[in-house]
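Data block below; observations after.
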Amino acid sequence: MSRLYAKGRVLGFKRAKRNQRPDISLIQIEGVKTAADTDFYLGKRVAFVYRAKREVNGSKIRCIWGRITRAHGGSGAVKARFRNNLPAKSFGASVRVVWEIDFVYLQAWRYVHKG
Amino acid sequence: MVHKPRNSLLTAGVAKYSRSQVYAKRALYKRKPAGIVNAAPAAANKTVEVKGAKNGGSRVIAASKAPRFYAAEDVAVPKKHRKHAGTAKLRSTIVPGTVLILLAGRYRGKRVVFLKQLESGLLLVSGPFKVNGVPLKRVNQAYVIATSTKVDIDASKIDAQLNDAYFARPKATKKAATEEAFFEGEKKKEPLAENKVALQKSTDKVILEAINKVEHLRQYLSAKFSLSKGQAPHALKF
């Protein structure tokens, strides 16, 4: 089969010690160990894929889409915003960071629009 | 010949050079700026003879009819766009014959040969069809990875017929809106036109000749690209 996405794990919500902000989730992407490496993934779409009992539109598999917004810390973790907040059940679950746009092209685009 | 701008903005609404200074910079004192070319002269009003004793003899028909309908409130008219987006610049790594990996769409993951860039900026690409089932197709540069593998093809050999108009969708006939068509269900997909099949074959023939000369290249093109365990996209080199 053809895997065109990077695997990631949901670490939890953005949080301080005692308060959490569920609109932003923290994601750890496999193989990404430093904040410099995360540059490739910024802006990439992320999909949280999960199964449910009830069939919707002909499928029991559902998906929440989001985007990676910025790095989190210095060790390669990343913040992502989803269309709808991720359920807390997703902590530790896998997430797909989809590779749809070519990075070299995106870098050139970013350079032109840096302003 | 376009010169760099002769004026600049000091701040919003405040230009560095005044109107007369720019006039001098442009040397308009010794040039006549190209005037606006007048369009065809406006059609004149027509005078028509009318029969009947009490109808006044003649009627003047305006060249342009007044509209039948006026909006109740004034509608804002958007300003005219004078800027045009240019053709997307082709990456230097993409050259006729480059093997590309498609990242999105029906054929995602497929390795495909780049033929040429079309006027719209899209890339013309072919599997070749025999090798991996990808037909002659247009693809956007952004959704494609350029690999360093190149197939030795001559860009000038590609048929000139292959341009954006070739790929335009045929306009749907109005007949589909009738009731019978509605109950009939979706129309069966028509087979590809004869000339398109022939063009696919002839284009691919040239590419296949070049592919067969290189060892393993045909198998490479028929295999799909996939990430495997331990491979992180940001670290891969193509």
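Labeling convention for the structure tokens: chains A, B, ... as they appear, residues from 1 per chain, ligands from 1 in order of appearance.
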
Env of A:Phe13: 6 Å cut, atoms = only C-alpha atoms, seq-sep filter 4 positions within chain, self excluded. Answer as an NGL selection string.
:A and (22 or 24-26)

Could you list, as a ChimeraX atom specification, the residues of chain A having an atom within 8 Å of chain B when counting only C-alpha atoms?
/A:1-6,30-32,37,40-41,99-102,105-106

Looking only at alpha helix (DSSP H) from DSSP on the backbone, list the matching residues of stretch 48-112 of chain A as a PyMOL selection string.
chain A and resi 103-112

Distance atom CA of A:Arg70-atom CA of A:Arg9, one decimal place?
15.7 Å

Counting only C-alpha atoms, figure out which residue out of B:Ser8, B:Ser126, B:Ser202, B:Thr147 gets nearest to B:Leu100.
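The shortest atom-to-atom distance to B:Leu100 comes from B:Thr147.
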
Could you work out how far atom CA of B:Tyr107 lies from atom CA of B:Lys213, giving the answer in Å with one decimal?
25.3 Å

Please run DSSP on the backbone and report, as a PyMOL selection string, all residues within chain A that come out as strand (DSSP E or B).
chain A and resi 5-15+20-29+45-56+59-72+77-82+94-98

Excluding A:Thr38 and its own-chain neighbours fewer than 6 positions away, which residues fall within 8 Å of it when counting only C-alpha atoms? Please give them as a PyMOL selection string.
chain A and resi 32+71+76-78

Pick out the closest residue to A:Leu42 from this set: A:Thr69, A:Ser59, A:Gln20, A:Gln107. Count only C-alpha atoms.
A:Thr69

Please determine, counting only C-alpha atoms, which residue among B:Lys237, B:Arg138, B:His216, B:Lys130 has the shortest atom-to-atom distance to B:Phe114.
B:Arg138

Interatomic distance, atom CA of B:Ile153 to atom CA of B:Leu236 (Å, one decimal)
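Separation between atom CA of B:Ile153 and atom CA of B:Leu236: 26.5 Å.
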